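K.L.:
Pasting a structure below so you can have a look.
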Amino acid sequence: MKIRDLWTEALAGMLARPVRSALTTLGTVLGITTLVVTLGVAATAGNQIVGRFDELVATAVTVEVPEQKNAPLVNWDAVSRVTRLRGVTSAAAVAETKDSANLSVRSNDLVDPTRVTAQTLSVLAATTDLPRAARGRMVAGRFFDTGHVRRQDRVAVIGDQAAKLLGVGSLKRAPAIFIGKHAYTVIGVLGELRRERNLSMAVMIPPSTGRQFGLRDVTRVLINTSLGAADLISRQAPPALSPGNHDLLQVIAPPSPIRARDKAQDDVNALFLILGLVSLVVGAVGIANVTLVTVMERVSEIGLRRSLGAARRHIAAQFLLESTLTGLTGGVIGASLGVVTIVAVCAVKEWTPLLDVRLALAAPVAGAVVGLLAGLYPALRAARMEPVDALR
């Protein structure tokens with residue numbers, strides 16, 4: 001039997017019962033579509049998660065400074081050396097101790113035994129660029145500047161939640177708060193924090209006036225970087241802050257976006273890949289079942305072909321080719337539906353679709369392989385039939 005004749009007979013066998021062939025192909029279509037959608041959505045979702053991860057986390061670097069009894073490891077002016085590094089968008093130094101984390105703060109100097117007027121808040125000293133480093137904004141007033149620091153002005157900026165607890169509303173009359181026995185003029189309220197949200201319950205004062213609360217040395221440096229620069233800055237920041245003792249500083253850098261993307265893809269794949277494989281198995285069983293039924297219905301045809309000189313391999317090749325074409329058709333349709341589904345989902349979610357071209361090309365091949373394996377047993381059974389028994 002020539003190859004051309006083999007293809008003609010296989011196509012004729014498929015098109016003889018188009019409804020049955022369509023229903024048989026449907027199982028493979030569902031399986032391939034599920035696989036393509038699963039892998040495509042996993043890659044797209046992983047890329048989208050990494051984008052969100054970059055915006056909120058992957059640009060934040062924190063340098064922890066351990067306490068030293070002799071000279072401080074990081075000076076207050078060392079932040080200016082960090083901001084000169086390429087890729088740094090903002091940086092601020094913060095001083096906070098265990099004692100300053102629980103100080104009594106009140107909004108007036110009157111003692112009223114009938115109500116609670118003092119609040120236990122965290123008091124910290126910080127450099128002037130703290131709002132940008134904490135990714136917040138001044139909801140009222142302003143932050144202290146270098147002039148306040150140089151003059152050692154008793155000014156303070158409080159978090160928005162701390163302002164509610166202390167009853168500080170309008171700043172037009174320059175309200176004051178009392179930290180222990182010391183009065184500080186409130187010049188601003190910091191809120192809408194996307195980083196260091198604990199600052200919403202804190203009182204921030206200039207470094208020059210924080211020494212009386214033990215806030216002499218820098219304990220933490222907050223650094224914001226451009227996208228993709230966090231890994232480089234995490235290596236360059238310690239030498240810039242403390243050239244002689246940079247190995248004593250602890251850097252908290254965000255994990256690699258690539259690993260985050262791979263983890264997201266693995267999670268989505270693990271969730272849906274089983275569904276795709278089950279659909280493929282169901283499709284394979286459907287092809288095998290229908291092919292076997294077709295063999296039993298075409299016993300007389302097989303006997304006639306064998307009696308006219310067709311060899312066993314010709315009969316087996318014909319039915320194998322039919323099942324393979326069924327799987328290939330399902331793979332092509334399934335791959336097309338999968339790509340269209342991915343694009344549609346991304347259009348609705350306003351995502352950027354991400355799909356490996358090799359996956360779309362390999363899907364029809366996978367469908368053909370499934371059809372080939374599914375038709376193996378029915379084809380062998382058809383080839384084993386004896387002409388006389390088949391005709392009888």
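Chain identifiers are assigned as A, B, and so on, following the order in which chains appear in the structure tokens; residues are numbered from 1 within each chain, and ligands are numbered from 1 in order of appearance.
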Env of Val36 (chain A): 8 Å cut, atoms = only C-alpha atoms, seq-sep filter 3 positions within chain, self excluded. Answer as a list of chain:residue names.

P.N.:
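What passes the distance filter is A:Ile32, A:Thr33, A:Leu39, A:Gly40, A:Gly334, A:Ala335, A:Gly338, A:Val339, A:Leu359, A:Ala360, A:Ala363.
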
K.L.:
Take the residues that were just selected and, keeping C-alpha atoms, output them as a PDB file, in the first residue's frame.

P.N.:
```
ATOM      1  CA  ILE A  32      -4.424  20.215  25.076  1.00  0.00           C
ATOM      2  CA  THR A  33      -6.390  23.431  25.715  1.00  0.00           C
ATOM      3  CA  LEU A  39       1.277  26.855  31.307  1.00  0.00           C
ATOM      4  CA  GLY A  40       0.485  30.160  29.593  1.00  0.00           C
ATOM      5  CA  GLY A 334      -6.681  22.711  21.472  1.00  0.00           C
ATOM      6  CA  ALA A 335      -3.490  24.751  21.000  1.00  0.00           C
ATOM      7  CA  GLY A 338      -5.510  27.741  24.455  1.00  0.00           C
ATOM      8  CA  VAL A 339      -3.688  30.682  22.882  1.00  0.00           C
ATOM      9  CA  LEU A 359       4.637  25.238  23.772  1.00  0.00           C
ATOM     10  CA  ALA A 360       2.154  26.209  21.062  1.00  0.00           C
ATOM     11  CA  ALA A 363       0.884  20.955  21.635  1.00  0.00           C
TER      12      ALA A 363
END
```

K.L.:
Quick one: everything within 7 Å of Pro378 (chain A), counting only C-alpha atoms, minus sequence neighbours fewer than 6 positions away in the same chain. Send it as a list in words.

P.N.:
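Near Pro378 (chain A), the qualifying residues are Ala288, Thr291, Leu292 and Val295 of chain A.
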
K.L.:
Could you list, as a list in words, every residue within 10 Å of Ile179 (chain A), counting only C-alpha atoms and ignoring same-chain residues fewer than 3 positions away?

P.N.:
Leu103, Ser104, Val105, Arg106, Ser107, Ala118, Gln119, Thr120, Leu121, Val123, Ala176, His182, Ala183, Tyr184, Val203 and Phe213 of chain A

K.L.:
Which residues are close to Val369 (chain A), i.e. within 10 Å by only C-alpha atoms, leaving aside same-chain residues fewer than 2 positions away? Reply as a PyMOL selection string.

P.N.:
chain A and resi 284+323-325+327-328+331+363-367+371-375

K.L.:
Pick from A:Ala382, A:Ala362, A:Val29, A:Ala92: nearest to Val63 (chain A), with only C-alpha atoms counted?

P.N.:
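Looking at the shortest contact to Val63 (chain A), the residue is A:Ala92.
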
K.L.:
Would you work out the distance separating CA of Val299 (chain A) from CA of Pro18 (chain A), expressed in Å to one decimal?

P.N.:
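That distance, rounded to one decimal, is 19.7 Å.
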
K.L.:
Apply DSSP to the backbone of this structure and, from region 200-234 of chain A, keep only the residues in helix (DSSP H, G or I); write these as a short mmCIF file (atom, residue, chain, number, x, y, z; two decimals) with N, CA, C and O atoms, in the first residue's frame.

P.N.:
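The file below, out_34.cif, is the result:
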```cif
data_model
loop_
_atom_site.label_atom_id
_atom_site.label_comp_id
_atom_site.auth_asym_id
_atom_site.auth_seq_id
_atom_site.Cartn_x
_atom_site.Cartn_y
_atom_site.Cartn_z
N SER A 200 3.41 55.07 61.63
CA SER A 200 2.13 55.74 61.84
C SER A 200 1.80 55.86 63.33
O SER A 200 0.96 56.67 63.71
N MET A 201 2.48 55.06 64.16
CA MET A 201 2.28 55.13 65.62
C MET A 201 3.54 55.62 66.32
O MET A 201 3.80 55.26 67.46
N PRO A 207 17.81 64.25 64.78
CA PRO A 207 18.89 63.55 65.49
C PRO A 207 19.58 64.42 66.54
O PRO A 207 20.05 63.91 67.55
N SER A 208 19.64 65.74 66.31
CA SER A 208 20.34 66.62 67.25
C SER A 208 19.61 66.75 68.57
O SER A 208 20.24 67.09 69.59
N THR A 209 18.30 66.47 68.61
CA THR A 209 17.56 66.55 69.86
C THR A 209 17.19 65.19 70.42
O THR A 209 16.51 65.10 71.44
N ARG A 211 19.33 62.88 71.43
CA ARG A 211 20.34 62.30 72.31
C ARG A 211 19.86 62.15 73.74
O ARG A 211 20.31 61.26 74.47
N GLN A 212 18.98 63.05 74.18
CA GLN A 212 18.49 62.97 75.54
C GLN A 212 17.60 61.74 75.78
O GLN A 212 17.33 61.38 76.92
N PHE A 213 17.19 61.09 74.68
CA PHE A 213 16.43 59.84 74.80
C PHE A 213 17.29 58.63 74.41
O PHE A 213 16.76 57.54 74.19
N ALA A 230 18.40 46.56 43.33
CA ALA A 230 18.45 46.21 44.76
C ALA A 230 19.61 45.28 45.08
O ALA A 230 20.28 45.44 46.10
N ASP A 231 19.86 44.31 44.20
CA ASP A 231 20.94 43.36 44.47
C ASP A 231 22.30 44.05 44.48
O ASP A 231 23.15 43.79 45.34
N LEU A 232 22.51 44.96 43.53
CA LEU A 232 23.78 45.69 43.47
C LEU A 232 23.93 46.63 44.67
O LEU A 232 25.00 46.67 45.30
N ILE A 233 22.87 47.36 45.02
CA ILE A 233 22.95 48.30 46.14
C ILE A 233 23.14 47.56 47.46
O ILE A 233 23.83 48.06 48.36
N SER A 234 22.58 46.38 47.59
CA SER A 234 22.74 45.62 48.83
C SER A 234 24.20 45.24 49.06
O SER A 234 24.62 45.03 50.21
#
```

K.L.:
Using only C-alpha atoms, tabulate the residues of region 138-157 of chain A lying at most 9 Å from any atom of region 128-134 of chain A, each with its closest atom pair and that distance in Å to one decimal, by chain and increasing residue number, as JSON lines.

P.N.:
```
{"residue": "A:Met138", "atom": "CA", "partner": "A:Pro131", "partner_atom": "CA", "distance": 7.4}
{"residue": "A:Phe143", "atom": "CA", "partner": "A:Thr128", "partner_atom": "CA", "distance": 7.0}
{"residue": "A:Phe144", "atom": "CA", "partner": "A:Thr128", "partner_atom": "CA", "distance": 6.2}
{"residue": "A:Asp145", "atom": "CA", "partner": "A:Thr128", "partner_atom": "CA", "distance": 5.5}
{"residue": "A:Thr146", "atom": "CA", "partner": "A:Thr128", "partner_atom": "CA", "distance": 6.8}
{"residue": "A:Val149", "atom": "CA", "partner": "A:Thr128", "partner_atom": "CA", "distance": 8.6}
```
